[in-house]
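The structure appears below as structure tokens.
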Amino acid sequence: MEFSSGGLSRRDYTASFLGLGSFIAFLLVIEALIRLGLLNRFIIPPPSEIIASFGRLFLEENIVHRFFFTAGECLIAGVMVTICGIGIGVVMQRFTLLQRACETWVAAFASAPLVLTYPLFMVIFGRNAWTIIMMGFLSALPPVILKTIEGISGTRKVLVNVGRSFNLTATQQFWKILFPAALPTIFVGIRLGLIFALINVVGTEFLINFGGLGQLINDLAERYDLAGTYAAICFVILVSVLFFMALEKAERWLRPVN
Amino acid sequence: MVTTGQLRQAAAASSGMSPVTLLRITIILAVLAAWEFLAHSGWLYRDVVPSLLSIGGALVRLLSDPNYYFNLGVTAAEIAAALAIGGSAGLAVGLLLGGNRFLSRAFEPYLYYLGPTPKIIFFPIMIMWFGVGPESKVALGTLSCFFPVALNVAAGMRQIDKVLIRVGRSFGASTRQMILKIYLPAMRHPMINGIRLGFGFALIGTLLAETKLSNKGIGFLIIQTYSIFDMPGMYAMLIVLFVLAIGANALIGKLGGLDSIKRN
């Protein structure tokens with residue numbers, strides 16, 4: 001399901017306002033309950049305090065620098081997964097026997113809790129950015145491989161025949177026909193992969209206490225800076241949501257118009 | 001003229017194995033041989049890639065250790081609780097949002113965009129709310145599995161054949177009867193799919209929380225092998241965990257008849 005803003009009726013606008021209004025009302029109720037002493041402010045800080053501590057995150061905790069650190073890790077994992085995932089997918093699709101032998105394995109690999117191998121990667125790479133990048137890369141690999149296979153296999157026969165009638169070589173057939181036709185489907189895989197990469201990069205940063213935004217949350221929680229912890233979590237959610245929306249937009253842009 | 005492919009297939013058929021099975025066996029053997037070579041090459045730090053024999057030994061020790069089964073039971077109970085709470089909450093919310101377009105427009109975007117955020121970062125909050133015991137792990141597992149179940153159930157609700165709904169209404173079915181006799185049976189597959197996804201997320205959430213802060217459970221055992229640098233033990237634990245996770249995932253799909261949809 002996609003939530004585009006195009007063609008909204010009055011009822012839809014009312015619904016959107018209800019959603020936003022409920023969220024704001026929820027925050028106000030929490031604020032009131034804390035001020036009345038019905039909720040413990042040492043467990044749940046008042047929303048006003050959380051909002052106020054955002055400035056502190058920028059000024060004292062260097063959140064912009066941390067954001068770029070995490071973004072850099074995601075970018076490296078994304079580039080690696082795009083190159084390797086598409087490459088493996090193309091090779092598997094090219095050799096049918098290999099595809100039939102390994103596709104189930106890749107699907108099983110996708111359902112395995114890969115992020116739990118992070119202690120193993122800490123032993124191999126140490127407690128550094130490479131462990132985090134590798135966790136992002138590994139978790140993002142299966143959807144890119146599977147969608148590449150699906151995209152190339154789903155190329156319309158008529159396009160392939162056009163290529164053949166022009167006597168294209170296998171390389172030309174791939175770059176001029178198969179790859180452009182499969183690109184929208186491949187991008188679905190890349191989008192899923194990048195979302196998994198971001199989730200695992202931030203998660204691993206938090207778990208191994210190293211890097212950007214994930215480490216910041218861990219640091220603030222260990223200092224028992226409650227308002228700061230909640231604000232940092234909100235910041236990560238905001239970044240994830242914006243990242244997710246941007247990828248969705250890019251996918252819509254790539255989708256062929258029927 | 002007989003092609004090489006046909007010859008290969010014929011040879012494989014005569015040996016009773018399909019070419020796919022043969023290739024799979026070849027790949028597995030090649031990977032194992034490469035692993036063993038790497039283990040003895042000295043290119044990596046000792047024990048980072050332990051020999052297959054030592055991993056096998058660790059597997060045997062692990063599977064014959066009663067302490068492992070105790071910890072497996074703890075994790076399984078946490079995941080089951082997370083799936084029960086998060087799954088039923090997701091089911092209720094999904095039914096509500098899927099059955100009402102207005103509420104779906106109002107609240108579903110929040111679920112849709114919050115779904116793919118990293119849930120492990122909520123663990124400090126869970127510790128503050130529920131303490132350092134199994135409750136905080138269950139809470140994180142619940143949070144992780146709620147979103148996929150709710151979104152799948154809501155999407156499944158919208159895909160129900162309108163004829164079925166009209167039949168229910170024309171028989172004057174009450175809301176409870178509509179849910180029990182029409183909605184739930186009609187959306188069995190999306191629901192099972194949601195639960196399968198939810199199980200995966202609950203498992204990851206619970207185990208990651210255990211690796212971060214706990215004194216029992218499989219996550220705790222994994223991080224303990226890291227602390228004492230027992231690499232064969234860590235590999236053995238990860239192998240068993242992956243087999244269990246993939247097996248449970250496939251089992252939920254099979255029980256829900258998801259494999260039969262793909263065949264149809």
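Convention: chains lettered A, B, ... in structure tokens order; per-chain residue numbering from 1; ligands numbered from 1 as shown.
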Subject >> Polymer residues at most 10 Å from Leu53 of chain B, only C-alpha atoms, same-chain spacing of 6 or more positions, as a PyMOL selection string >> reply: chain B and resi 36+59+232
Those same residues - C-alpha atoms - I'd like them written as a PDB file, in the first residue's frame.
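As written to disk, out_27.pdb reads:
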```pdb
ATOM      1  CA  GLU B  36      38.764 -26.735   5.565  1.00  0.00           C
ATOM      2  CA  LEU B  59      27.759 -29.221  17.615  1.00  0.00           C
ATOM      3  CA  PRO B 232      33.597 -23.489  17.225  1.00  0.00           C
TER       4      PRO B 232
END
```
**OP:** Give as a PyMOL selection string every residue of chain B that touches chain A within 8 Å, counting only C-alpha atoms.
**Re:** chain B and resi 19-21+23-24+48+102-103+105-107+109+113-114+116-122+124-125+128-129+155+200+203-204+207-208+212+222-223+226+234+238+242+245-246+249
With C-alpha atoms retained, could you export that selection as a PDB file, in the first residue's frame?
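File written: part-v9.pdb
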```
ATOM      1  CA  PRO B  19      21.392 -32.499 -12.181  1.00  0.00           C
ATOM      2  CA  VAL B  20      20.113 -29.940  -9.643  1.00  0.00           C
ATOM      3  CA  THR B  21      20.801 -32.312  -6.735  1.00  0.00           C
ATOM      4  CA  LEU B  23      25.103 -29.475  -8.493  1.00  0.00           C
ATOM      5  CA  ARG B  24      23.895 -28.799  -4.961  1.00  0.00           C
ATOM      6  CA  VAL B  48      38.403 -17.458  13.243  1.00  0.00           C
ATOM      7  CA  PHE B 102     -11.477   6.102   7.066  1.00  0.00           C
ATOM      8  CA  LEU B 103      -9.475   4.679   9.979  1.00  0.00           C
ATOM      9  CA  ARG B 105      -6.393   6.623   5.949  1.00  0.00           C
ATOM     10  CA  ALA B 106      -6.022   8.139   9.413  1.00  0.00           C
ATOM     11  CA  PHE B 107      -3.664   5.673  11.067  1.00  0.00           C
ATOM     12  CA  PRO B 109       0.421   5.584   7.161  1.00  0.00           C
ATOM     13  CA  TYR B 113       6.253   4.129   7.733  1.00  0.00           C
ATOM     14  CA  LEU B 114       7.129   3.001  11.272  1.00  0.00           C
ATOM     15  CA  PRO B 116      10.620  -0.606   8.527  1.00  0.00           C
ATOM     16  CA  THR B 117      12.439   1.318  11.299  1.00  0.00           C
ATOM     17  CA  PRO B 118      15.100  -0.464  13.385  1.00  0.00           C
ATOM     18  CA  LYS B 119      13.272  -1.786  16.478  1.00  0.00           C
ATOM     19  CA  ILE B 120      16.368  -2.700  18.498  1.00  0.00           C
ATOM     20  CA  ILE B 121      16.946   1.001  19.245  1.00  0.00           C
ATOM     21  CA  PHE B 122      13.817   0.862  21.436  1.00  0.00           C
ATOM     22  CA  PRO B 124      16.805   1.074  26.237  1.00  0.00           C
ATOM     23  CA  ILE B 125      13.176   2.212  26.607  1.00  0.00           C
ATOM     24  CA  MET B 128      13.365   1.256  31.586  1.00  0.00           C
ATOM     25  CA  TRP B 129       9.737   0.168  31.295  1.00  0.00           C
ATOM     26  CA  ALA B 155      -3.913  -5.567   3.335  1.00  0.00           C
ATOM     27  CA  GLY B 200      10.888 -13.818  11.978  1.00  0.00           C
ATOM     28  CA  LEU B 203      12.849 -13.974  16.785  1.00  0.00           C
ATOM     29  CA  ILE B 204      15.368 -11.358  15.671  1.00  0.00           C
ATOM     30  CA  LEU B 207      17.548 -12.649  20.303  1.00  0.00           C
ATOM     31  CA  LEU B 208      19.210  -9.301  19.641  1.00  0.00           C
ATOM     32  CA  LYS B 212      22.656  -6.900  24.399  1.00  0.00           C
ATOM     33  CA  ILE B 222      25.993 -16.591  21.547  1.00  0.00           C
ATOM     34  CA  ILE B 223      27.482 -13.453  23.063  1.00  0.00           C
ATOM     35  CA  TYR B 226      32.198 -14.331  21.750  1.00  0.00           C
ATOM     36  CA  MET B 234      29.664 -19.842  18.223  1.00  0.00           C
ATOM     37  CA  LEU B 238      24.577 -20.140  14.817  1.00  0.00           C
ATOM     38  CA  PHE B 242      19.618 -20.885  11.544  1.00  0.00           C
ATOM     39  CA  ALA B 245      14.632 -20.424  12.383  1.00  0.00           C
ATOM     40  CA  ILE B 246      14.415 -21.488   8.736  1.00  0.00           C
ATOM     41  CA  ASN B 249       9.490 -20.355   9.124  1.00  0.00           C
TER      42      ASN B 249
END
```
**OP:** Using backbone DSSP assignments, extract all alpha helix (DSSP H) residues from segment 94-220 of chain A; output them as a ChimeraX atom specification.
**Re:** /A:94,96-111,118-125,129-153,157-165,170-172,179-208,213-220
Original post:
Between atom CA of Gly99 of chain B and atom CA of Met178 of chain B, what is the spacing in Å?
Top reply: 11.0 Å
**OP:** May I have the residues within 12 Å of Leu91 of chain B as a PyMOL selection string, using only C-alpha atoms and disregarding those fewer than 5 positions away in the same chain?
**Re:** chain B and resi 83-86+96-99+145-157+179+183-184+187-188+190-195+198
Using C-alpha atoms, can you export the residues from the last selection as a PDB file, in the first residue's frame?
```pdb
ATOM      1  CA  LEU B  83       4.257 -13.577  18.984  1.00  0.00           C
ATOM      2  CA  ALA B  84       1.095 -14.116  21.044  1.00  0.00           C
ATOM      3  CA  ILE B  85       0.932 -10.499  22.283  1.00  0.00           C
ATOM      4  CA  GLY B  86       2.249  -8.747  19.170  1.00  0.00           C
ATOM      5  CA  LEU B  96      -9.879  -2.649  12.330  1.00  0.00           C
ATOM      6  CA  LEU B  97      -7.834  -0.734   9.760  1.00  0.00           C
ATOM      7  CA  GLY B  98      -8.514  -3.156   6.915  1.00  0.00           C
ATOM      8  CA  GLY B  99     -12.250  -3.049   7.515  1.00  0.00           C
ATOM      9  CA  CYS B 145       6.274  -8.514  15.238  1.00  0.00           C
ATOM     10  CA  PHE B 146       3.306  -6.153  15.658  1.00  0.00           C
ATOM     11  CA  PHE B 147       3.920  -4.111  12.491  1.00  0.00           C
ATOM     12  CA  PRO B 148       4.221  -6.887   9.858  1.00  0.00           C
ATOM     13  CA  VAL B 149       1.182  -8.718  11.276  1.00  0.00           C
ATOM     14  CA  ALA B 150      -0.966  -5.556  11.393  1.00  0.00           C
ATOM     15  CA  LEU B 151       0.032  -4.414   7.875  1.00  0.00           C
ATOM     16  CA  ASN B 152      -0.454  -7.871   6.334  1.00  0.00           C
ATOM     17  CA  VAL B 153      -3.839  -8.401   8.004  1.00  0.00           C
ATOM     18  CA  ALA B 154      -5.029  -4.926   6.944  1.00  0.00           C
ATOM     19  CA  ALA B 155      -3.913  -5.567   3.335  1.00  0.00           C
ATOM     20  CA  GLY B 156      -5.525  -9.025   3.455  1.00  0.00           C
ATOM     21  CA  MET B 157      -8.811  -7.555   4.695  1.00  0.00           C
ATOM     22  CA  ILE B 179     -15.301 -11.644  11.712  1.00  0.00           C
ATOM     23  CA  TYR B 183     -13.221 -12.188   7.400  1.00  0.00           C
ATOM     24  CA  LEU B 184     -10.946 -14.628   9.255  1.00  0.00           C
ATOM     25  CA  MET B 187      -7.929 -14.023   4.834  1.00  0.00           C
ATOM     26  CA  ARG B 188      -6.229 -17.084   6.210  1.00  0.00           C
ATOM     27  CA  PRO B 190      -2.361 -13.158   4.360  1.00  0.00           C
ATOM     28  CA  MET B 191      -2.789 -13.737   8.088  1.00  0.00           C
ATOM     29  CA  ILE B 192      -0.467 -16.748   8.133  1.00  0.00           C
ATOM     30  CA  ASN B 193       1.970 -14.830   5.965  1.00  0.00           C
ATOM     31  CA  GLY B 194       1.846 -11.953   8.473  1.00  0.00           C
ATOM     32  CA  ILE B 195       2.397 -14.340  11.365  1.00  0.00           C
ATOM     33  CA  GLY B 198       6.016 -11.564  12.539  1.00  0.00           C
TER      34      GLY B 198
END
```
